[in-house]
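Colleague: Sending over entry17.txt (compact mmCIF, C-alpha atoms).
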```txt
# COMPACT_ATOMS: atom_id res chain seq x y z
CA MET A 1434 16.34 -36.65 4.81
CA LEU A 1435 14.57 -34.68 7.51
CA THR A 1436 16.24 -36.78 10.23
CA VAL A 1437 19.71 -36.08 8.78
CA ARG A 1438 18.98 -32.38 8.67
CA ARG A 1439 17.84 -32.35 12.29
CA TYR A 1440 20.97 -34.22 13.32
CA ALA A 1441 23.13 -31.71 11.45
CA ASP A 1442 21.36 -28.79 13.15
CA ARG A 1443 21.97 -30.36 16.56
CA HIS A 1444 25.67 -31.15 15.90
CA PRO A 1445 27.10 -28.31 13.77
CA ARG A 1446 30.71 -28.80 14.88
CA LEU A 1447 30.68 -32.47 14.00
CA VAL A 1448 29.28 -31.67 10.56
CA GLU A 1449 31.88 -28.95 10.04
CA GLY A 1450 34.70 -31.30 10.99
CA ALA A 1451 33.46 -34.02 8.65
CA PHE A 1452 33.20 -31.48 5.83
CA LEU A 1453 36.78 -30.26 6.31
CA VAL A 1454 38.16 -33.83 6.47
CA LEU A 1455 36.32 -34.74 3.27
CA LEU A 1456 37.52 -31.55 1.57
CA CYS A 1457 41.13 -32.14 2.62
CA THR A 1458 41.00 -35.75 1.37
CA ALA A 1459 39.56 -34.70 -2.01
CA THR A 1460 42.14 -31.95 -2.42
CA GLY A 1461 45.12 -34.07 -1.41
CA ALA A 1462 44.12 -37.02 -3.61
CA GLN A 1463 45.29 -35.28 -6.79
CA TYR A 1464 48.77 -34.23 -5.63
CA ASP A 1465 50.39 -37.53 -6.71
CA ARG A 1466 49.50 -36.81 -10.37
CA GLY A 1467 52.31 -34.35 -11.01
CA GLY A 1468 54.55 -31.70 -9.53
CA PRO A 1469 57.35 -32.28 -7.02
CA GLY A 1470 55.55 -35.12 -5.21
CA LEU A 1471 52.84 -35.87 -2.67
CA TRP A 1472 54.08 -34.25 0.53
CA PRO A 1473 54.52 -30.59 -0.47
CA GLY A 1474 51.05 -30.51 -2.01
CA LEU A 1475 49.53 -32.39 0.92
CA LEU A 1476 50.98 -29.87 3.39
CA LEU A 1477 49.61 -26.98 1.32
CA SER A 1478 46.14 -28.52 1.00
CA THR A 1479 46.03 -29.36 4.72
CA GLY A 1480 46.98 -25.82 5.69
CA ALA A 1481 44.39 -24.36 3.31
CA CYS A 1482 41.61 -26.69 4.51
CA LEU A 1483 42.35 -26.08 8.21
CA SER A 1484 42.07 -22.32 7.66
CA LEU A 1485 38.53 -22.81 6.38
CA SER A 1486 37.33 -23.39 9.95
CA ALA A 1487 37.65 -19.58 10.40
CA ARG A 1488 35.95 -18.62 7.13
CA HIS A 1489 32.72 -17.51 8.87
CA ARG A 1490 34.50 -15.20 11.34
CA HIS A 1491 37.36 -13.95 9.18
CA PRO A 1492 36.46 -14.56 5.53
CA ARG A 1493 38.95 -12.07 4.03
CA PRO A 1494 42.16 -13.49 5.58
CA VAL A 1495 40.99 -17.00 4.76
CA VAL A 1496 40.51 -16.08 1.09
CA VAL A 1497 44.00 -14.56 1.01
CA TRP A 1498 45.57 -17.65 2.62
CA THR A 1499 43.79 -20.23 0.48
CA GLY A 1500 44.54 -18.20 -2.65
CA PHE A 1501 48.21 -18.08 -1.66
CA CYS A 1502 48.25 -21.87 -1.12
CA ALA A 1503 46.64 -22.44 -4.54
CA ALA A 1504 49.16 -20.10 -6.21
CA VAL A 1505 52.13 -21.87 -4.56
CA SER A 1506 50.75 -25.24 -5.63
CA ALA A 1507 50.40 -24.01 -9.22
CA ALA A 1508 53.93 -22.54 -9.14
CA LEU A 1509 55.31 -25.89 -7.92
CA GLY A 1510 53.91 -27.54 -11.02
CA TYR A 1511 50.76 -29.21 -9.69
CA PRO A 1512 47.88 -29.31 -12.25
CA VAL A 1513 45.43 -26.42 -11.64
CA THR A 1514 42.27 -28.53 -11.39
CA VAL A 1515 39.04 -27.92 -9.55
CA LEU A 1516 40.25 -30.25 -6.76
CA LEU A 1517 43.30 -28.09 -6.14
CA LEU A 1518 41.08 -24.99 -6.09
CA LEU A 1519 38.45 -26.41 -3.70
CA PRO A 1520 39.68 -24.58 -0.56
CA VAL A 1521 39.82 -21.20 -2.29
CA LEU A 1522 36.39 -21.82 -3.87
CA VAL A 1523 34.85 -22.51 -0.46
CA ALA A 1524 36.55 -19.44 1.00
CA MET A 1525 35.39 -17.22 -1.87
CA TYR A 1526 31.80 -18.48 -1.47
CA ALA A 1527 31.85 -17.74 2.28
CA LEU A 1528 33.18 -14.25 1.61
CA THR A 1529 30.60 -13.49 -1.09
CA VAL A 1530 27.57 -14.40 1.04
CA ARG A 1531 28.76 -12.10 3.85
CA ALA A 1532 30.73 -9.21 2.37
CA PRO A 1533 29.51 -6.42 0.08
CA ARG A 1534 29.41 -7.21 -3.61
CA ARG A 1535 32.25 -4.84 -4.45
CA THR A 1536 34.52 -6.53 -1.89
CA ALA A 1537 33.74 -9.98 -3.28
CA HIS A 1538 34.52 -8.86 -6.81
CA LEU A 1539 37.85 -7.30 -5.75
CA PHE A 1540 38.96 -10.45 -3.93
CA CYS A 1541 37.87 -12.60 -6.88
CA ALA A 1542 40.01 -10.54 -9.27
CA ALA A 1543 42.94 -10.62 -6.82
CA VAL A 1544 42.84 -14.43 -6.45
CA VAL A 1545 42.58 -14.96 -10.21
CA THR A 1546 45.50 -12.54 -10.70
CA LEU A 1547 47.50 -14.51 -8.12
CA VAL A 1548 46.78 -18.07 -9.32
CA VAL A 1549 46.84 -17.70 -13.12
CA PRO A 1550 50.31 -16.06 -13.44
CA ALA A 1551 51.73 -18.60 -10.99
CA ALA A 1552 50.50 -21.43 -13.20
CA LEU A 1553 51.73 -19.74 -16.38
CA LEU A 1554 55.22 -19.08 -14.97
CA SER A 1555 55.72 -22.64 -13.70
CA ASP A 1556 58.15 -24.64 -15.85
CA ARG A 1557 57.12 -27.93 -14.24
CA ASN A 1558 53.48 -27.80 -15.37
CA ASP A 1559 53.02 -29.20 -18.87
CA GLU A 1560 49.31 -28.27 -19.11
CA ASN A 1561 48.14 -26.21 -22.04
CA TRP A 1562 47.45 -22.49 -21.86
CA GLY A 1563 43.67 -22.89 -21.49
CA ASP A 1564 43.96 -25.23 -18.50
CA LYS A 1565 46.25 -22.75 -16.76
CA THR A 1566 44.05 -19.69 -17.35
CA VAL A 1567 40.43 -20.46 -18.23
CA VAL A 1568 39.89 -23.27 -15.72
CA PRO A 1569 40.95 -21.40 -12.55
CA ALA A 1570 39.28 -18.15 -13.67
CA PHE A 1571 36.04 -20.01 -14.42
CA TRP A 1572 35.80 -21.90 -11.14
CA ILE A 1573 36.77 -18.95 -8.95
CA THR A 1574 34.22 -16.74 -10.73
CA ALA A 1575 31.59 -19.49 -10.47
CA SER A 1576 32.00 -19.59 -6.68
CA VAL A 1577 31.38 -15.83 -6.55
CA VAL A 1578 28.31 -16.12 -8.76
CA GLN A 1579 26.88 -18.90 -6.57
CA GLY A 1580 27.56 -16.90 -3.41
CA SER A 1581 25.89 -13.83 -4.91
CA ALA A 1582 22.79 -15.87 -5.77
CA VAL A 1583 22.58 -17.26 -2.23
CA ARG A 1584 23.10 -13.77 -0.78
CA ALA A 1585 20.30 -12.35 -2.95
CA ARG A 1586 18.00 -15.22 -1.97
CA ARG A 1587 18.68 -14.67 1.72
CA ALA A 1588 18.06 -10.94 1.35
CA TYR A 1589 14.76 -11.65 -0.37
CA LEU A 1590 13.65 -14.06 2.36
CA ASP A 1591 14.68 -11.57 5.04
CA ALA A 1592 12.65 -8.85 3.32
CA VAL A 1593 9.63 -11.15 3.06
CA ARG A 1594 9.97 -12.07 6.73
CA ALA A 1595 10.31 -8.41 7.72
CA ARG A 1596 7.22 -7.46 5.72
CA ALA A 1597 5.26 -10.28 7.32
CA GLU A 1598 6.31 -9.17 10.80
CA HIS A 1599 5.48 -5.56 9.97
CA ALA A 1600 2.08 -6.58 8.63
CA GLU A 1601 1.42 -8.57 11.78
CA ARG A 1602 2.36 -5.60 13.96
CA THR A 1603 0.28 -3.12 11.99
CA ARG A 1604 -2.74 -5.35 11.36
CA GLU A 1605 -4.51 -4.21 14.51
CA ALA A 1606 -3.74 -0.55 13.82
CA GLU A 1607 -4.97 -0.92 10.23
CA ALA A 1608 -8.18 -2.55 11.46
CA ARG A 1609 -8.76 0.34 13.89
CA HIS A 1610 -8.09 2.83 11.10
CA ARG A 1611 -10.63 1.15 8.81
CA VAL A 1612 -13.21 1.07 11.58
CA ALA A 1613 -12.66 4.79 12.18
CA GLN A 1614 -13.08 5.54 8.46
CA GLU A 1615 -16.27 3.50 8.36
CA ARG A 1616 -17.60 5.38 11.37
CA VAL A 1617 -16.91 8.70 9.65
CA ARG A 1618 -18.77 7.60 6.50
CA ILE A 1619 -21.73 6.30 8.49
CA ALA A 1620 -21.85 9.44 10.64
CA ARG A 1621 -21.74 11.68 7.55
CA GLU A 1622 -24.57 9.81 5.81
CA LEU A 1623 -26.79 9.69 8.89
CA HIS A 1624 -26.09 13.36 9.61
CA ASP A 1625 -27.25 14.40 6.15
CA VAL A 1626 -30.38 12.28 6.27
CA VAL A 1627 -31.48 12.92 9.84
CA ALA A 1628 -30.33 16.55 10.21
CA HIS A 1629 -31.97 17.61 6.93
CA HIS A 1630 -35.35 16.15 7.67
CA MET A 1631 -35.34 17.19 11.33
CA ALA A 1632 -34.44 20.76 10.37
CA LEU A 1633 -37.14 20.73 7.68
CA ALA A 1634 -39.69 19.36 10.12
CA HIS A 1635 -38.63 21.99 12.65
CA ALA A 1636 -39.16 24.76 10.10
CA GLN A 1637 -42.52 23.35 8.98
CA ALA A 1638 -43.73 23.01 12.56
CA GLY A 1639 -42.69 26.58 13.33
CA THR A 1640 -44.48 27.88 10.24
CA ALA A 1641 -47.62 25.91 11.11
CA ALA A 1642 -47.62 27.26 14.67
CA HIS A 1643 -47.27 30.79 13.32
CA LEU A 1644 -50.24 30.32 10.95
CA ALA A 1645 -52.45 28.31 13.32
CA ARG A 1646 -54.52 31.23 14.54
CA GLY A 1647 -54.68 33.54 11.59
CA ARG A 1648 -54.73 31.05 8.67
CA PRO A 1649 -55.73 27.62 9.97
CA ASP A 1650 -56.22 26.20 6.46
CA GLN A 1651 -52.59 26.83 5.51
CA ALA A 1652 -51.46 25.53 8.90
CA GLU A 1653 -53.40 22.30 8.32
CA ARG A 1654 -51.79 21.89 4.88
CA ILE A 1655 -48.31 22.39 6.32
CA LEU A 1656 -49.00 19.86 9.06
CA ALA A 1657 -50.01 17.36 6.40
CA GLU A 1658 -46.74 18.05 4.59
CA LEU A 1659 -44.94 17.62 7.93
CA THR A 1660 -46.27 14.07 8.05
CA GLY A 1661 -44.85 13.49 4.58
CA THR A 1662 -41.50 14.90 5.69
CA THR A 1663 -41.23 12.49 8.61
CA SER A 1664 -42.28 9.57 6.38
CA THR A 1665 -39.60 10.53 3.85
CA ALA A 1666 -37.07 10.73 6.67
CA LEU A 1667 -37.89 7.16 7.71
CA ARG A 1668 -37.62 5.90 4.14
CA GLU A 1669 -34.27 7.60 3.55
CA LEU A 1670 -32.97 6.34 6.86
CA GLN A 1671 -33.87 2.82 5.81
CA ALA A 1672 -32.18 3.36 2.45
CA THR A 1673 -29.07 4.72 4.17
CA VAL A 1674 -28.83 1.65 6.36
CA GLY A 1675 -29.27 -0.39 3.18
CA LEU A 1676 -26.24 1.39 1.68
CA LEU A 1677 -24.16 0.02 4.54
CA ARG A 1678 -25.14 -3.57 3.77
CA ARG A 1679 -22.56 -5.80 2.15
CA PRO A 1680 -23.39 -6.88 -1.41
CA GLU A 1681 -23.43 -10.53 -0.37
CA ASP A 1682 -26.01 -10.01 2.39
CA PRO A 1683 -29.29 -11.86 1.76
CA GLU A 1684 -32.64 -10.22 1.42
CA ASP A 1685 -31.25 -7.14 -0.27
CA VAL A 1686 -34.14 -4.69 -0.08
CA ARG A 1687 -32.20 -1.50 -0.62
CA GLU A 1688 -33.83 1.40 -2.37
CA PRO A 1689 -31.84 3.30 -5.00
CA ALA A 1690 -29.57 5.93 -3.48
CA PRO A 1691 -30.92 9.47 -3.90
CA GLY A 1692 -29.47 11.58 -6.69
CA LEU A 1693 -30.12 14.77 -8.64
CA ALA A 1694 -33.21 13.16 -10.18
CA ARG A 1695 -34.90 13.80 -6.83
CA LEU A 1696 -34.03 17.49 -6.87
CA PRO A 1697 -37.64 18.59 -7.71
CA GLU A 1698 -38.91 16.63 -4.71
CA LEU A 1699 -36.30 18.31 -2.52
CA VAL A 1700 -37.27 21.76 -3.82
CA ALA A 1701 -40.94 21.08 -3.07
CA ALA A 1702 -40.12 20.01 0.49
CA PHE A 1703 -38.27 23.25 1.16
CA ALA A 1704 -41.09 25.26 -0.38
CA SER A 1705 -43.44 23.86 2.25
CA ALA A 1706 -41.04 25.18 4.90
CA GLY A 1707 -41.18 28.69 3.43
CA LEU A 1708 -37.99 28.62 1.33
CA GLU A 1709 -38.34 29.22 -2.39
CA VAL A 1710 -35.62 27.40 -4.35
CA VAL A 1711 -34.82 28.33 -7.97
CA VAL A 1712 -32.89 25.72 -9.96
CA THR A 1713 -31.00 26.60 -13.15
CA VAL A 1714 -29.06 24.21 -15.39
CA ASP A 1715 -26.24 25.30 -17.71
CA GLY A 1716 -24.78 22.97 -20.31
CA GLU A 1717 -25.94 19.56 -21.44
CA GLU A 1718 -27.35 17.66 -18.48
CA ARG A 1719 -25.92 14.14 -18.22
CA PRO A 1720 -26.02 11.29 -15.72
CA LEU A 1721 -23.39 11.12 -13.02
CA PRO A 1722 -21.72 8.03 -11.56
CA PRO A 1723 -23.75 6.74 -8.58
CA GLY A 1724 -21.28 7.99 -5.95
CA ALA A 1725 -20.97 11.45 -7.50
CA ASP A 1726 -24.74 11.65 -8.00
CA LEU A 1727 -25.33 10.90 -4.33
CA THR A 1728 -22.62 13.39 -3.37
CA ALA A 1729 -24.18 16.16 -5.47
CA PHE A 1730 -27.63 15.55 -4.02
CA ARG A 1731 -26.36 15.50 -0.42
CA ILE A 1732 -24.39 18.71 -0.90
CA VAL A 1733 -27.45 20.52 -2.30
CA GLN A 1734 -29.58 19.07 0.48
CA GLU A 1735 -27.18 20.10 3.24
CA ALA A 1736 -26.62 23.59 1.77
CA LEU A 1737 -30.37 24.27 1.54
CA THR A 1738 -30.83 22.89 5.06
CA ASN A 1739 -28.25 25.38 6.32
CA VAL A 1740 -30.12 28.18 4.54
CA THR A 1741 -33.32 27.14 6.33
CA LYS A 1742 -31.60 26.84 9.70
CA HIS A 1743 -29.31 29.86 9.70
CA ALA A 1744 -29.79 32.35 6.88
CA GLY A 1745 -33.31 33.59 7.39
CA ALA A 1746 -33.57 33.99 3.62
CA ALA A 1747 -36.81 33.61 1.65
CA THR A 1748 -35.14 32.38 -1.55
CA ALA A 1749 -32.13 30.33 -2.56
CA ARG A 1750 -30.65 29.53 -5.95
CA VAL A 1751 -29.19 26.21 -7.10
CA ARG A 1752 -27.08 26.32 -10.26
CA LEU A 1753 -25.88 23.16 -12.01
CA ALA A 1754 -23.20 23.84 -14.65
CA TYR A 1755 -22.17 20.85 -16.79
CA THR A 1756 -18.96 20.80 -18.81
CA ARG A 1757 -17.29 17.98 -20.71
CA ASP A 1758 -15.81 16.31 -17.63
CA ARG A 1759 -17.06 18.26 -14.62
CA LEU A 1760 -20.20 19.34 -12.79
CA THR A 1761 -20.06 22.61 -10.87
CA LEU A 1762 -22.97 23.10 -8.49
CA THR A 1763 -23.59 26.28 -6.56
CA VAL A 1764 -26.10 26.88 -3.77
CA ARG A 1765 -26.45 30.52 -2.78
CA ASP A 1766 -28.75 32.64 -0.66
CA ARG A 1767 -28.83 36.42 -0.39
CA GLY A 1768 -29.22 36.49 3.35
CA GLY A 1769 -32.10 37.86 5.37
CA ALA A 1770 -32.86 40.76 7.67
CA ALA A 1771 -33.96 38.50 10.53
CA PRO A 1772 -32.01 35.25 10.60
CA ARG A 1773 -33.74 32.26 12.14
CA PRO A 1774 -32.53 31.03 15.51
CA PRO A 1775 -30.32 27.97 14.96
CA ALA A 1776 -32.04 24.62 15.13
CA PRO A 1777 -30.83 22.06 17.64
CA GLY A 1778 -27.81 19.97 16.59
CA GLY A 1779 -25.63 20.44 13.55
CA GLY A 1780 -22.18 21.92 13.41
CA PHE A 1781 -20.65 19.42 10.96
CA GLY A 1782 -22.49 20.38 7.76
CA VAL A 1783 -19.67 22.15 5.90
CA ILE A 1784 -17.11 19.58 7.08
CA GLY A 1785 -19.31 16.75 5.82
CA MET A 1786 -19.90 18.46 2.45
CA ARG A 1787 -16.17 19.00 1.99
CA GLU A 1788 -15.42 15.36 2.87
CA ARG A 1789 -18.06 14.18 0.41
CA ALA A 1790 -16.65 16.27 -2.42
CA ARG A 1791 -13.12 15.05 -1.72
CA SER A 1792 -14.19 11.39 -1.60
CA ALA A 1793 -15.78 11.78 -5.05
CA GLY A 1794 -12.56 13.25 -6.46
CA GLY A 1795 -13.74 16.88 -6.38
CA ARG A 1796 -13.49 19.90 -4.13
CA LEU A 1797 -15.81 22.30 -2.29
CA HIS A 1798 -15.68 25.91 -1.19
CA ALA A 1799 -18.10 27.48 1.25
CA GLY A 1800 -18.16 31.04 2.50
CA HIS A 1801 -19.80 34.46 2.40
CA HIS A 1802 -20.46 35.80 -1.06
CA PRO A 1803 -19.10 39.29 -1.95
CA GLU A 1804 -22.59 40.43 -3.02
CA GLY A 1805 -24.16 39.24 0.22
CA GLY A 1806 -25.43 35.99 1.61
CA TYR A 1807 -23.66 32.65 1.68
CA ALA A 1808 -22.55 30.39 -1.18
CA VAL A 1809 -21.48 26.76 -1.41
CA THR A 1810 -19.68 25.74 -4.61
CA ALA A 1811 -18.66 22.15 -5.39
CA GLU A 1812 -16.80 20.79 -8.41
CA LEU A 1813 -17.33 17.09 -9.10
CA PRO A 1814 -15.83 14.97 -11.90
CA LEU A 1815 -18.27 13.32 -14.28
CA HIS A 1816 -16.17 10.15 -14.55
CA ARG A 1817 -15.92 7.42 -11.95
CA GLY A 1818 -12.98 8.23 -9.73
CA PRO A 1819 -10.73 5.62 -8.11
CA ARG A 1820 -11.77 6.65 -4.60
CA GLU A 1821 -15.48 6.59 -5.24
CA GLY A 1822 -17.42 4.53 -2.77
CA LEU A 1823 -19.96 5.23 -0.10
CA CYS A 1824 -19.86 9.02 -0.13
```
Take the structure in the file and write it out as structure tokens.

Modeller:
Amino acid sequence: MLTVRRYADRHPRLVEGAFLVLLCTATGAQYDRGGPGLWPGLLLSTGACLSLSARHRHPRPVVVWTGFCAAVSAALGYPVTVLLLLPVLVAMYALTVRAPRRTAHLFCAAVVTLVVPAALLSDRNDENWGDKTVVPAFWITASVVQGSAVRARRAYLDAVRARAEHAERTREAEARHRVAQERVRIARELHDVVAHHMALAHAQAGTAAHLARGRPDQAERILAELTGTTSTALRELQATVGLLRRPEDPEDVREPAPGLARLPELVAAFASAGLEVVVTVDGEERPLPPGADLTAFRIVQEALTNVTKHAGAATARVRLAYTRDRLTLTVRDRGGAAPRPPAPGGGFGVIGMRERARSAGGRLHAGHHPEGGYAVTAELPLHRGPREGLC
């Protein structure tokens, strides 16, 4: 079967000629069964079959010609059988697979309107009414239905092929886009971990240096807490790298991601750096989805870090307001008379907080408060959003 198909693909003209000869023979074989004789019908069938060689280039004229030949044959008294209609059926099929659907339907109705009255008005055809009307209408309509099915199948395959080619062309761009997104997530997580602890260590070291001469005992205590800060930074860095592991990686030694449960520990760390943090909770406290919990913790952490680095304030307030489906957290300071000089690095804190809130399905606003100081307000949903992932 495969060999025959290959031969047909290599010799299309030979296959087309054999098809037309076979079609002409089948059509002409039934003209001796009635009507005025063999030769008029044979001439009509030969003319109709020869015109089919142009059906791919000029399908509309070919349909008109073959329909005219079928109508003349019916008017001459030849039985309107499927063999007589073969040329017009082939022409209608070729038209349907190439022309718009509306055009195919119009030509189908025109051919049926041409053939059926010719058969009914012939006084030489003794067939019954159903053979003169139902049979030609059925076969001509069936050729249009078959052509429409093939046309729809070809359109579907073309669409599938186009999508595959488009996917192949955009695969590299999509891979680059995913790599860029992953880089942004990694950079945001590492920024929050490293920048927070480095800023905290910077503040603790500065406080210890200030107290070293006058109050050495307090300076020694702060230096001890500085050691704890650096140790915590190393642990969180290890946990952050663990977050980037794939679930199927072996030797999964990840620590739980930080969340609001570690808020007291965070408050104590800032207290050692000279910033008093007051936490208030409104509403019924409830657990958050892991991604939103991490997002809330990182936003509070980054906002307090910015207070330490830039505000020069002695106190800051953290307010957690729980509603039925939302957590609103606010971090606010009242400013200071002598702001601290900015610590090295930074510059992406507010951008990172806003990206985190958006990735968890929420939103964030940061800006100067009308009563003084700076405020960061984030609204996070309490349900697991569809975009939740590594925040």

Colleague: Given all atoms listed in the file as the basis, pick out the residue of A:Gly1707, A:Pro1550, A:Gly1580, A:Gly1450 nearest to Leu1522 (chain A).

Modeller: A:Gly1580

Colleague: Do you have the CA of Thr1741 (chain A)-CA of Val1710 (chain A) distance handy?

Modeller: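 Computed distance, CA of Thr1741 (chain A) to CA of Val1710 (chain A), equals 10.9 Å.
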
Colleague: Can you tell me which residues surround His1802 (chain A) at a distance of at most 12 Å, considering all atoms listed in the file, apart from same-chain residues fewer than 3 positions away, and format the answer as a list in words?

Modeller: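 Final neighbour list, sorted by chain and number: Thr1763, Val1764, Arg1765, Asp1766, Arg1767, Gly1768, His1798, Ala1799, Gly1805, Gly1806, Tyr1807, Ala1808, Val1809 and Thr1810 of chain A.
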
Colleague: Go ahead and write the residues just picked, C-alpha atoms, as a short mmCIF file (atom, residue, chain, number, x, y, z; two decimals), keeping the file's coordinate frame.

Modeller:
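Writing the result to result34.cif gives the following:
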```cif
data_model
loop_
_atom_site.label_atom_id
_atom_site.label_comp_id
_atom_site.auth_asym_id
_atom_site.auth_seq_id
_atom_site.Cartn_x
_atom_site.Cartn_y
_atom_site.Cartn_z
CA THR A 1763 -23.59 26.28 -6.56
CA VAL A 1764 -26.10 26.88 -3.77
CA ARG A 1765 -26.45 30.52 -2.78
CA ASP A 1766 -28.75 32.64 -0.66
CA ARG A 1767 -28.83 36.42 -0.39
CA GLY A 1768 -29.22 36.49 3.35
CA HIS A 1798 -15.68 25.91 -1.19
CA ALA A 1799 -18.10 27.48 1.25
CA GLY A 1805 -24.16 39.24 0.22
CA GLY A 1806 -25.43 35.99 1.61
CA TYR A 1807 -23.66 32.65 1.68
CA ALA A 1808 -22.55 30.39 -1.18
CA VAL A 1809 -21.48 26.76 -1.41
CA THR A 1810 -19.68 25.74 -4.61
#
```

Colleague: Which value, in Å to one decimal, gives the distance between CA of Cys1541 (chain A) and CA of His1491 (chain A)?

Modeller: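 Atom-to-atom, CA of Cys1541 (chain A) to CA of His1491 (chain A), that is 16.1 Å.
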
Colleague: Find the residue from A:Pro1445, A:Gly1563, A:Pro1492, A:Pro1520 that sits nearest to Leu1477 (chain A); use only C-alpha atoms when measuring.

Modeller: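 For Leu1477 (chain A), the nearest of the given residues is A:Pro1520.
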
Colleague: Pick out the closest residue to Val1578 (chain A) from this set: A:Val1530, A:Leu1456, A:Val1545, A:Val1617. Count only C-alpha atoms.

Modeller: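 Closest to Val1578 (chain A) of all the choices is A:Val1530.
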